[in-house]
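Chemist: Below is the file model_6.txt, which contains compact mmCIF, C-alpha atoms.
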# COMPACT_ATOMS: atom_id res chain seq x y z
CA MET A 27 86.88 137.78 135.89
CA SER A 28 84.08 137.05 138.37
CA LYS A 29 83.83 133.65 140.04
CA LEU A 30 80.49 133.10 138.30
CA ASN A 31 82.02 133.69 134.85
CA PHE A 32 84.91 131.39 135.69
CA PHE A 33 82.72 128.48 136.81
CA LEU A 34 79.94 128.92 134.24
CA PRO A 35 81.59 126.79 131.46
CA ILE A 36 82.27 124.06 134.02
CA LEU A 37 78.69 124.15 135.28
CA ILE A 38 77.36 124.00 131.72
CA PHE A 39 79.56 120.97 130.97
CA ILE A 40 78.46 119.20 134.14
CA PHE A 41 74.82 119.94 133.43
CA PHE A 42 74.88 118.58 129.90
CA ASN A 43 77.03 115.62 130.84
CA CYS A 44 74.62 114.68 133.63
CA SER A 45 71.61 115.28 131.43
CA ASN A 46 72.92 112.68 128.99
CA GLU A 47 73.79 110.19 131.72
CA ASP A 48 70.42 110.62 133.44
CA ASN A 49 68.39 110.77 130.24
CA PRO A 50 65.07 109.21 131.19
CA ASN A 51 63.64 106.35 129.19
CA ASN A 52 61.15 108.41 127.16
CA ASP A 53 59.17 105.47 125.81
CA GLY A 54 62.49 103.80 125.07
CA ILE A 55 64.04 106.81 123.28
CA PHE A 56 67.40 108.32 124.22
CA LEU A 57 67.40 111.98 123.21
CA GLY A 58 70.72 113.24 121.85
CA ASP A 59 74.20 111.77 121.39
CA ILE A 60 76.02 109.26 123.58
CA ILE A 61 79.70 108.22 123.68
CA LEU A 62 80.62 104.91 125.31
CA ARG A 63 84.33 104.47 126.07
CA THR A 64 84.54 101.40 128.33
CA GLN A 65 82.75 98.12 128.94
CA GLU A 66 81.33 99.66 132.08
CA ASP A 67 79.84 102.49 130.02
CA ILE A 68 78.21 99.96 127.70
CA ASN A 69 76.83 97.91 130.59
CA ASP A 70 75.44 100.99 132.36
CA PHE A 71 73.87 102.48 129.23
CA GLY A 72 72.46 99.09 128.24
CA SER A 73 70.66 98.82 131.57
CA TYR A 74 68.25 101.56 130.42
CA GLN A 75 67.02 99.27 127.62
CA TYR A 76 66.64 102.05 125.07
CA LYS A 77 65.04 101.09 121.77
CA LYS A 78 66.03 104.20 119.82
CA ILE A 79 68.75 106.87 119.91
CA SER A 80 67.74 110.17 118.34
CA GLY A 81 71.34 111.28 117.72
CA ASP A 82 74.73 109.53 117.47
CA LEU A 83 75.96 106.39 119.21
CA THR A 84 79.77 106.33 119.35
CA ILE A 85 81.70 103.40 120.78
CA ILE A 86 85.37 104.32 121.06
CA THR A 87 88.29 103.55 123.34
CA ASP A 88 90.62 106.31 124.43
CA GLY A 89 93.90 104.38 124.20
CA VAL A 90 94.26 104.18 127.98
CA ILE A 91 91.34 101.93 128.88
CA ASP A 92 90.67 99.43 126.10
CA ASN A 93 88.38 96.86 127.70
CA ILE A 94 85.32 96.73 125.42
CA ILE A 95 84.66 93.05 124.73
CA ASP A 96 80.87 92.70 124.56
CA LEU A 97 78.20 94.79 122.84
CA SER A 98 75.26 92.58 123.79
CA PRO A 99 74.03 94.94 126.56
CA LEU A 100 72.99 97.25 123.68
CA ASN A 101 70.79 94.64 121.99
CA SER A 102 67.59 96.49 122.89
CA ILE A 103 68.52 99.31 120.46
CA SER A 104 66.71 98.85 117.16
CA ARG A 105 67.35 102.27 115.62
CA VAL A 106 70.01 105.01 115.62
CA ASP A 107 68.76 108.08 113.79
CA ASN A 108 72.17 109.55 112.97
CA LEU A 109 75.61 107.95 113.26
CA LEU A 110 76.60 104.60 114.71
CA ALA A 111 80.41 104.67 114.96
CA ILE A 112 82.70 101.96 116.33
CA TYR A 113 86.37 102.98 116.58
CA ASN A 114 89.64 101.66 118.02
CA CYS A 115 88.29 98.62 119.88
CA SER A 116 91.18 96.16 119.93
CA GLN A 117 89.62 93.69 122.39
CA LEU A 118 86.29 93.32 120.61
CA GLU A 119 86.46 90.01 118.71
CA SER A 120 82.99 90.24 117.19
CA ILE A 121 80.73 93.18 116.35
CA GLU A 122 77.07 92.27 116.36
CA PHE A 123 74.00 94.50 116.55
CA LYS A 124 70.35 93.53 116.20
CA MET A 125 69.16 96.96 115.09
CA THR A 126 67.03 97.36 111.99
CA GLU A 127 67.81 100.95 110.93
CA VAL A 128 70.69 103.42 111.22
CA GLY A 129 71.45 106.76 109.58
CA ILE A 130 75.20 106.29 109.02
CA LEU A 131 77.44 103.37 109.95
CA THR A 132 81.23 103.39 110.36
CA ILE A 133 83.40 100.59 111.76
CA ILE A 134 87.04 101.63 111.80
CA ASN A 135 90.29 100.32 113.29
CA THR A 136 89.02 97.36 115.30
CA LYS A 137 90.51 93.91 115.81
CA SER A 138 87.18 92.18 115.27
CA LYS A 139 87.11 89.04 113.14
CA ARG A 140 83.40 89.26 112.40
CA ILE A 141 80.86 92.00 111.70
CA ASN A 142 77.26 90.85 111.83
CA PHE A 143 74.11 92.98 111.54
CA PRO A 144 71.51 90.23 110.95
CA SER A 145 68.44 92.51 111.13
CA LEU A 146 69.69 95.77 109.57
CA LYS A 147 67.52 96.63 106.58
CA GLU A 148 68.43 100.19 105.71
CA ILE A 149 71.14 102.83 106.16
CA THR A 150 68.87 105.82 105.79
CA SER A 151 71.02 108.95 105.60
CA ASP A 152 74.51 108.47 104.20
CA PHE A 153 77.42 106.05 103.93
CA LEU A 154 78.50 102.66 105.21
CA ILE A 155 82.25 102.51 105.90
CA ILE A 156 84.20 99.43 106.99
CA SER A 157 87.85 100.41 107.19
CA ASP A 158 91.21 99.46 108.72
CA ASN A 159 90.06 96.30 110.48
CA SER A 160 93.21 94.20 110.41
CA LEU A 161 91.71 90.86 111.52
CA LEU A 162 88.29 91.10 109.89
CA GLU A 163 87.32 87.92 108.01
CA THR A 164 83.53 88.00 107.71
CA ILE A 165 81.06 90.79 106.93
CA SER A 166 77.36 89.90 107.23
CA PHE A 167 74.55 92.32 106.36
CA ASN A 168 72.14 89.66 105.18
CA GLN A 169 68.98 91.83 105.21
CA LEU A 170 70.49 95.17 104.20
CA THR A 171 68.76 96.44 101.06
CA SER A 172 69.95 100.04 100.73
CA THR A 173 72.41 102.71 101.81
CA GLY A 174 71.84 106.45 101.86
CA SER A 175 74.87 107.06 99.67
CA GLU A 176 78.32 105.42 99.58
CA LEU A 177 79.62 101.97 100.37
CA ARG A 178 83.31 101.94 101.29
CA ILE A 179 85.32 98.79 102.04
CA ILE A 180 88.87 99.97 102.75
CA ASN A 181 92.03 98.33 104.09
CA ASN A 182 90.63 95.11 105.51
CA PRO A 183 93.54 92.78 104.70
CA LYS A 184 91.82 89.44 105.46
CA ILE A 185 88.48 89.93 103.68
CA GLU A 186 88.10 87.47 100.78
CA ASN A 187 84.57 88.24 99.59
CA LEU A 188 81.55 90.52 100.00
CA ASP A 189 78.97 87.74 100.13
CA GLY A 190 77.34 89.28 103.20
CA PHE A 191 75.82 91.97 100.96
CA GLN A 192 73.67 89.65 98.83
CA SER A 193 70.46 91.49 99.80
CA LEU A 194 71.83 94.92 98.88
CA THR A 195 69.96 96.37 95.90
CA HIS A 196 70.42 100.12 96.11
CA LEU A 197 73.21 102.62 96.74
CA GLY A 198 71.51 105.95 97.41
CA SER A 199 72.47 109.43 96.31
CA ASN A 200 71.60 111.56 99.33
CA PHE A 201 75.05 113.18 99.46
CA GLY A 202 76.65 111.85 96.30
CA SER A 203 76.82 108.12 95.76
CA GLY A 204 79.85 105.93 95.37
CA LEU A 205 81.36 102.48 95.61
CA GLN A 206 84.91 102.44 96.96
CA ILE A 207 86.78 99.15 97.27
CA ARG A 208 90.45 99.68 98.05
CA ASP A 209 93.45 98.15 99.81
CA ASN A 210 91.90 94.73 100.42
CA PRO A 211 94.69 92.42 99.24
CA MET A 212 92.85 89.12 99.87
CA LEU A 213 89.58 90.14 98.20
CA LEU A 214 88.94 87.64 95.40
CA ASN A 215 85.67 88.80 93.86
CA LEU A 216 82.78 91.30 93.96
CA SER A 217 80.00 88.76 93.42
CA GLY A 218 78.33 89.71 96.71
CA LEU A 219 77.21 92.96 95.05
CA ASN A 220 75.50 91.32 92.09
CA ASN A 221 72.00 92.41 93.17
CA VAL A 222 72.84 96.12 93.35
CA ASN A 223 71.04 98.08 90.63
CA SER A 224 71.82 101.79 90.95
CA GLU A 225 73.22 104.86 89.27
CA VAL A 226 76.39 105.82 91.14
CA VAL A 227 78.58 108.92 90.84
CA LEU A 228 81.93 107.23 91.44
CA LEU A 229 83.46 103.77 91.21
CA GLU A 230 86.88 103.45 92.82
CA ILE A 231 88.66 100.08 92.78
CA VAL A 232 92.24 100.48 93.99
CA ASN A 233 95.01 98.17 95.17
CA ASN A 234 93.13 94.89 95.59
CA TYR A 235 95.83 92.36 94.75
CA GLY A 236 93.64 89.24 94.57
CA LEU A 237 90.91 90.71 92.37
CA SER A 238 90.94 89.39 88.80
CA SER A 239 87.44 90.38 87.62
CA LEU A 240 84.83 93.09 88.20
CA ASN A 241 81.97 90.62 87.78
CA GLY A 242 79.37 91.35 90.42
CA ILE A 243 78.85 95.04 89.69
CA ASN A 244 77.27 94.45 86.28
CA ASN A 245 74.01 96.22 87.15
CA ILE A 246 75.51 99.46 88.49
CA TYR A 247 75.88 102.50 86.24
CA PHE A 248 78.94 104.60 87.11
CA GLU A 249 79.33 108.21 86.05
CA ASN A 250 83.06 108.27 86.91
CA ILE A 251 85.52 105.41 87.08
CA ARG A 252 88.91 105.07 88.78
CA ILE A 253 90.47 101.63 88.69
CA LEU A 254 94.17 101.35 89.43
CA SER A 255 96.92 99.20 90.92
CA ASN A 256 94.98 95.93 91.00
CA ASP A 257 97.84 93.65 90.04
CA ASN A 258 95.78 90.68 88.80
CA LEU A 259 92.74 92.46 87.35
CA THR A 260 92.13 91.44 83.74
CA ASN A 261 88.34 91.33 83.34
CA PHE A 262 86.44 94.63 83.03
CA CYS A 263 83.37 93.28 81.23
CA ALA A 264 81.06 94.13 84.14
CA ILE A 265 81.40 97.86 83.43
CA LYS A 266 81.53 97.90 79.63
CA ASN A 267 77.91 98.98 79.31
CA THR A 268 78.41 102.02 81.55
CA ILE A 269 81.03 103.64 79.32
CA GLU A 270 79.74 106.53 77.23
CA PRO A 271 81.23 107.63 73.88
CA GLU A 272 81.95 111.10 75.26
CA VAL A 273 84.07 109.73 78.10
CA ASN A 274 86.79 112.13 79.24
CA ILE A 275 85.24 115.00 77.31
CA ASP A 276 84.05 118.04 79.27
CA GLY A 277 80.70 117.15 80.76
CA GLY A 278 81.27 113.42 80.25
CA GLN A 279 82.65 110.65 82.39
CA GLU A 280 85.98 110.49 84.11
CA TYR A 281 87.68 107.23 83.12
CA TYR A 282 91.01 106.54 84.82
CA VAL A 283 92.37 102.99 84.48
CA ILE A 284 96.10 102.38 85.02
CA ASP A 285 98.58 99.97 86.63
CA ASN A 286 96.30 96.93 86.53
CA LYS A 287 97.28 93.69 84.82
CA TYR A 288 95.07 94.78 81.93
CA ASN A 289 94.25 98.43 81.27
CA PRO A 290 91.63 98.78 78.55
CA THR A 291 90.92 102.21 77.19
CA ALA A 292 87.38 103.54 77.22
CA GLU A 293 87.22 103.00 73.47
CA GLU A 294 88.29 99.37 73.86
CA LEU A 295 85.52 98.75 76.37
CA ILE A 296 82.95 100.39 74.12
CA ASN A 297 84.12 98.05 71.32
CA GLY A 298 83.80 94.99 73.55
CA ASN A 299 87.49 94.43 74.30
CA CYS A 300 86.82 94.07 78.01
CA SER A 301 89.11 91.23 79.13
CA GLN A 302 92.51 89.75 78.50
Could the structure of this file be written out as structure tokens, please?
Modeler:
Amino acid sequence: MSKLNFFLPILIFIFFNCSNEDNPNNDGIFLGDIILRTQEDINDFGSYQYKKISGDLTIITDGVIDNIIDLSPLNSISRVDNLLAIYNCSQLESIEFKMTEVGILTIINTKSKRINFPSLKEITSDFLIISDNSLLETISFNQLTSTGSELRIINNPKIENLDGFQSLTHLGSNFGSGLQIRDNPMLLNLSGLNNVNSEVVLLEIVNNYGLSSLNGINNIYFENIRILSNDNLTNFCAIKNTIEPEVNIDGGQEYYVIDNKYNPTAEELINGNCSQ
């Protein structure tokens, strides 16, 4: 192998790595994707005062250096066209962004107690996922009106309510829509979703020990329903009007309700026997 062929992949890597780091402020737009792994990365990138990222913004620690404690240097960013992802940040006590628009949003495996996006109005492309945040107590998306597709709230053991979604009115269907609420043992109600009015492919409510009622999702029509292992759930009246007579028949709805405190059949819901 010639020396040129040997060094070419390295040169290509260096070139693209430097081109990202030295990306000029094109009227406040960062072109491409950026990964920030340390507080120093965040501070340095924030110094460019970008207003928009045309690709992905990923904030992730590598398990060796875990020193991200402050996201405020990124406050100039108002829009991320594709994915905003925050992963594995155990020192970040609060997650707050002032952006107004993002394509996809995922916040996974942090130790943050609070998530606050006070100005975010729309998730334009796909899903919003908040998952595996062991200390999370408060979720605030007070101006968020729509998602591109799914909303997933998964394994956040200290969340008691979804009141921070009071402005949410629409779950989109760009890539198949869904509402997934699972493994949140302290969640007491779904009333924060009471303004959502959408047709959704899948409802999945699984293993939420404190949940006794589905009230709050009364205005959402679900094509398929999976509700299981919610030990105190007895009130299904919020979904009784979404059940079709042909449920569980080829071409009809999937209806799978087991291992809750009350497990009404589809026929019982259709007949109005929706609570115990």
Chemist: Counting all atoms listed in the file, find the residues whose atoms lie at most 8 Å from (75.3, 105.3, 88.5) (file coordinates) and write them out as a PyMOL selection string.
Modeler: chain A and resi 203+224-228+246-249
Chemist: Take the selection from the previous step and output its residues with C-alpha atoms, as a PDB file, in the coordinates of the input.
Modeler:
ATOM      1  CA  SER A 203      76.820 108.120  95.760  1.00  0.00           C
ATOM      2  CA  SER A 224      71.820 101.790  90.950  1.00  0.00           C
ATOM      3  CA  GLU A 225      73.220 104.860  89.270  1.00  0.00           C
ATOM      4  CA  VAL A 226      76.390 105.820  91.140  1.00  0.00           C
ATOM      5  CA  VAL A 227      78.580 108.920  90.840  1.00  0.00           C
ATOM      6  CA  LEU A 228      81.930 107.230  91.440  1.00  0.00           C
ATOM      7  CA  ILE A 246      75.510  99.460  88.490  1.00  0.00           C
ATOM      8  CA  TYR A 247      75.880 102.500  86.240  1.00  0.00           C
ATOM      9  CA  PHE A 248      78.940 104.600  87.110  1.00  0.00           C
ATOM     10  CA  GLU A 249      79.330 108.210  86.050  1.00  0.00           C
TER      11      GLU A 249
END
Chemist: What's around Tyr113 (chain A) at 8 Å? Count all atoms listed in the file, leave out sequence neighbours fewer than 6 positions away in its own chain, and write the answer as an MDAnalysis selection string.
Modeler: chainID A and resid 84:87 133:136
Chemist: When you count only C-alpha atoms, which of these residues is closest to Ser239 (chain A): A:Lys287, A:Arg208, A:Arg252, A:Arg140?
Modeler: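 Looking only at the distances to Ser239 (chain A), the closest residue turns out to be A:Lys287.
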Chemist: Grab all the atoms of region 157-170 of chain A that the file lists, wrap them in a box along x, y and z, add 3 Å per side, and give me centre plus edge lengths in Å (one decimal) as JSON.
Modeler:
{"center_x": 81.1, "center_y": 94.2, "center_z": 107.9, "size_x": 30.2, "size_y": 18.5, "size_z": 13.3}
Chemist: If we draw a sphere of 7 Å around (72.3, 92.9, 96.9), which residues have at least one atom in it when counting all atoms listed in the file? Please report them as a VMD selection string.
Modeler: chain A and resid 171 191 to 195 218 to 222
Chemist: Could you check which of A:Ser172, A:Gln302, A:Gln206, A:Ser199 is closest to Glu230 (chain A), using all atoms listed in the file?
Modeler: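 Answer, going by the shortest atom-to-atom distance: A:Gln206.
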Chemist: Which residue is closest to Pro144 (chain A)? Choose from A:Pro290, A:Gly190, A:Ile180, A:Asn159 and count all atoms listed in the file.
Modeler: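 That would be A:Gly190, the residue with the smallest distance to Pro144 (chain A).
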Chemist: Would you work out the distance separating CA of Asn241 (chain A) from CA of Ser160 (chain A), expressed in Å to one decimal?
Modeler: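 CA of Asn241 (chain A) sits 25.5 Å away from CA of Ser160 (chain A).
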Chemist: Can you list, as a short mmCIF file (atom, residue, chain, number, x, y, z; two decimals) with C-alpha atoms, in the coordinates of the input, every protein, DNA or RNA residue that comes within 10 Å of Leu83 (chain A) when you count only C-alpha atoms, leaving out same-chain residues fewer than 3 positions away?
Modeler:
data_model
loop_
_atom_site.label_atom_id
_atom_site.label_comp_id
_atom_site.auth_asym_id
_atom_site.auth_seq_id
_atom_site.Cartn_x
_atom_site.Cartn_y
_atom_site.Cartn_z
CA GLY A 58 70.72 113.24 121.85
CA ASP A 59 74.20 111.77 121.39
CA ILE A 60 76.02 109.26 123.58
CA ILE A 61 79.70 108.22 123.68
CA LEU A 62 80.62 104.91 125.31
CA ILE A 79 68.75 106.87 119.91
CA SER A 80 67.74 110.17 118.34
CA ILE A 86 85.37 104.32 121.06
CA VAL A 106 70.01 105.01 115.62
CA ASP A 107 68.76 108.08 113.79
CA ASN A 108 72.17 109.55 112.97
CA LEU A 109 75.61 107.95 113.26
CA LEU A 110 76.60 104.60 114.71
CA ALA A 111 80.41 104.67 114.96
CA ILE A 112 82.70 101.96 116.33
CA LEU A 131 77.44 103.37 109.95
#
Chemist: CA of Glu293 (chain A) and CA of Gln279 (chain A), how far apart in Å?
Modeler: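 We find that CA of Gln279 (chain A) and CA of Glu293 (chain A) lie 12.6 Å from each other.
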Chemist: Using only C-alpha atoms, find each residue of region 215-242 of chain A with at least one atom at most 8 Å away from an atom of region 253-269 of chain A; report its shortest atom-to-atom pair and that distance in Å (one decimal), sort the rows by chain and rising residue number, and return the result as CSV.
Modeler:
residue,atom,partner,partner_atom,distance
A:Leu229,CA,A:Ile253,CA,7.8
A:Glu230,CA,A:Ile253,CA,5.8
A:Ile231,CA,A:Ile253,CA,4.7
A:Val232,CA,A:Leu254,CA,5.0
A:Asn233,CA,A:Asn256,CA,4.7
A:Asn234,CA,A:Asn256,CA,5.1
A:Tyr235,CA,A:Asn256,CA,5.2
A:Gly236,CA,A:Asn258,CA,6.3
A:Leu237,CA,A:Leu259,CA,5.6
A:Ser238,CA,A:Leu259,CA,3.8
A:Ser239,CA,A:Asn261,CA,4.5
A:Leu240,CA,A:Phe262,CA,5.6
A:Asn241,CA,A:Ala264,CA,5.1
A:Gly242,CA,A:Ala264,CA,7.1
Chemist: What is the CA of Asn168 (chain A) to CA of Asn187 (chain A) distance in Å?
Modeler: 13.7 Å
Chemist: With all atoms listed in the file as the atoms that count, which of A:Leu170, A:Ile95, A:Leu177, A:Leu57 lies nearest to Glu127 (chain A)?
Modeler: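 With all atoms listed in the file as the atom set, the closest residue is A:Leu170.
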Chemist: Return the single residue from A:Asn52, A:Asn210, A:Glu270, A:Tyr281 that is closest to Ile296 (chain A), with distances computed using only C-alpha atoms.
Modeler: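 Under the stated criterion, the closest residue is A:Glu270.
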